[in-house]
Amino acid sequence: MPWFLWLLTAAALGAVEFFTLTLVFGLLAGAALVAAVVAGVGIGILGQLAALAATGVAGLVIIRPIALRHMAQPPLTREGSDGLIGKRAEVMQEVTATCGLIKLSGEDWSARALDESHVIPVGRLVDVMEIEGATAIVYPRELLP
């Protein structure tokens, strides 16, 4: 019957992990599952506690730091308007510091020049430097270093 108590313990720890998202209680729930398996095989309470301790320590010392490192990394792909930064566009209507229109990824976008002194004529290629709302901030392609 001790295996059933370990399963209840694992379920309780899993529920706590669900609400805290610390990766600690989830790893301890996994350790409790290992202890349940050890108890189910017929090993005594000392063996169960040893399995719980070894699995818990291994999870917290080895697995948790690796998982936290992976969670801290930014996504590899940019989505939405962030994915348009760095793209090339064509000027459809003269772009100044206050207004303009470009063709970006097959769509017309309002645009303005990054440098307020630039006036970019129709037909020129520009690079999108940033997106502010629905406006692309652009810089003339031939002036890039």
# chains A, B, ... in the order shown; residues from 1 in each chain; ligands from 1
call {"tool": "residues_around", "arguments": {"residues": "Arg112 of chain A", "least_positions_apart": "6", "cutoff": "8 Å", "atoms": "only C-alpha atoms", "output": "ChimeraX atom specification"}}
result
/A:95-101,135-138
call {"tool": "select_by_dssp", "arguments": {"residues": "segment 35-145 of chain A", "states": "strand (DSSP E or B)", "output": "JSON, numbers by chain"}}
result
{"A": [88, 89, 90, 91, 92, 93, 95, 101, 102, 103, 104, 107, 108, 109, 110, 111, 112, 113, 120, 125, 126, 127, 128, 129, 130, 131, 132, 135, 136, 137, 138, 139, 140]}
call {"tool": "write_last_selection", "arguments": {"atoms": "C-alpha atoms", "output": "mmCIF file, in the first residue's frame"}}
result
data_model
loop_
_atom_site.group_PDB
_atom_site.id
_atom_site.type_symbol
_atom_site.label_atom_id
_atom_site.label_comp_id
_atom_site.auth_asym_id
_atom_site.auth_seq_id
_atom_site.Cartn_x
_atom_site.Cartn_y
_atom_site.Cartn_z
ATOM 1 C CA ARG A 88 13.757 45.300 -47.726
ATOM 2 C CA ALA A 89 10.887 47.421 -49.045
ATOM 3 C CA GLU A 90 10.171 49.617 -52.037
ATOM 4 C CA VAL A 91 9.033 53.222 -51.707
ATOM 5 C CA MET A 92 5.593 53.716 -53.314
ATOM 6 C CA GLN A 93 5.047 57.315 -52.185
ATOM 7 C CA VAL A 95 8.979 58.997 -47.572
ATOM 8 C CA LEU A 101 4.158 54.737 -48.210
ATOM 9 C CA ILE A 102 6.170 51.578 -48.890
ATOM 10 C CA LYS A 103 5.497 48.089 -50.283
ATOM 11 C CA LEU A 104 6.635 45.664 -47.575
ATOM 12 C CA GLU A 107 1.481 44.953 -48.439
ATOM 13 C CA ASP A 108 1.312 48.741 -48.393
ATOM 14 C CA TRP A 109 2.641 50.209 -45.140
ATOM 15 C CA SER A 110 2.780 53.760 -43.928
ATOM 16 C CA ALA A 111 6.368 54.769 -43.389
ATOM 17 C CA ARG A 112 8.616 57.524 -42.221
ATOM 18 C CA ALA A 113 12.340 58.088 -42.506
ATOM 19 C CA ILE A 120 13.387 59.109 -50.010
ATOM 20 C CA LEU A 125 14.768 50.482 -51.870
ATOM 21 C CA VAL A 126 14.779 50.917 -48.112
ATOM 22 C CA ASP A 127 15.448 48.722 -45.089
ATOM 23 C CA VAL A 128 12.956 48.552 -42.251
ATOM 24 C CA MET A 129 14.762 49.576 -39.083
ATOM 25 C CA GLU A 130 11.822 49.339 -36.662
ATOM 26 C CA ILE A 131 8.042 49.172 -36.501
ATOM 27 C CA GLU A 132 6.008 51.659 -34.461
ATOM 28 C CA THR A 135 4.261 52.607 -39.339
ATOM 29 C CA ALA A 136 7.580 51.313 -40.612
ATOM 30 C CA ILE A 137 10.647 53.373 -39.798
ATOM 31 C CA VAL A 138 12.943 53.049 -42.814
ATOM 32 C CA TYR A 139 16.420 53.975 -43.980
ATOM 33 C CA PRO A 140 17.613 54.216 -47.603
#
call {"tool": "atom_distance", "arguments": {"atom1": "atom CA of Thr22 of chain A", "atom2": "atom CA of Phe4 of chain A"}}
result
25.2 Å
call {"tool": "residues_around", "arguments": {"residues": "Gly44 of chain A", "least_positions_apart": "5", "cutoff": "12 Å", "atoms": "only C-alpha atoms", "output": "VMD selection string"}}
result
chain A and resid 1 to 3 35 to 39 49 to 51
call {"tool": "residues_around", "arguments": {"residues": "Ala11 of chain A", "least_positions_apart": "5", "cutoff": "10 Å", "atoms": "only C-alpha atoms", "output": "ChimeraX atom specification"}}
result
/A:5-6,16-17,26,29-30,32-33
call {"tool": "residues_around", "arguments": {"residues": "segment 71-73 of chain A", "least_positions_apart": "6", "cutoff": "12 Å", "atoms": "only C-alpha atoms", "output": "list in words"}}
result
Leu21, Thr22, Leu23, Arg64 and Pro65 of chain A
call {"tool": "write_last_selection", "arguments": {"atoms": "all heavy atoms", "output": "short mmCIF file (atom, residue, chain, number, x, y, z; two decimals), in the first residue's frame"}}
result
data_model
loop_
_atom_site.label_atom_id
_atom_site.label_comp_id
_atom_site.auth_asym_id
_atom_site.auth_seq_id
_atom_site.Cartn_x
_atom_site.Cartn_y
_atom_site.Cartn_z
N LEU A 21 4.72 27.03 -10.80
CA LEU A 21 5.60 27.05 -11.98
C LEU A 21 7.06 27.32 -11.62
O LEU A 21 7.75 28.09 -12.27
CB LEU A 21 5.11 28.08 -13.00
CG LEU A 21 3.71 27.86 -13.55
CD1 LEU A 21 3.31 29.00 -14.46
CD2 LEU A 21 3.62 26.53 -14.29
N THR A 22 7.56 26.67 -10.56
CA THR A 22 8.94 26.85 -10.13
C THR A 22 9.87 25.77 -10.62
O THR A 22 11.08 25.89 -10.48
CB THR A 22 9.02 26.87 -8.59
OG1 THR A 22 8.55 25.61 -8.10
CG2 THR A 22 8.22 28.01 -8.00
N LEU A 23 9.36 24.70 -11.17
CA LEU A 23 10.10 23.52 -11.61
C LEU A 23 10.66 22.72 -10.44
O LEU A 23 11.34 21.72 -10.64
CB LEU A 23 11.24 23.88 -12.56
CG LEU A 23 10.84 24.49 -13.89
CD1 LEU A 23 12.08 24.85 -14.70
CD2 LEU A 23 9.98 23.54 -14.68
N ARG A 64 16.90 20.90 -13.41
CA ARG A 64 16.31 22.23 -13.24
C ARG A 64 17.17 23.33 -13.85
O ARG A 64 16.65 24.20 -14.56
CB ARG A 64 16.05 22.51 -11.76
CG ARG A 64 15.30 23.82 -11.55
CD ARG A 64 14.85 23.97 -10.10
NE ARG A 64 14.00 25.12 -9.93
CZ ARG A 64 14.45 26.30 -9.54
NH1 ARG A 64 15.72 26.47 -9.24
NH2 ARG A 64 13.61 27.31 -9.42
N PRO A 65 18.51 23.37 -13.61
CA PRO A 65 19.31 24.43 -14.25
C PRO A 65 19.25 24.39 -15.78
O PRO A 65 19.21 25.43 -16.43
CB PRO A 65 20.73 24.17 -13.75
CG PRO A 65 20.56 23.41 -12.49
CD PRO A 65 19.31 22.58 -12.68
#
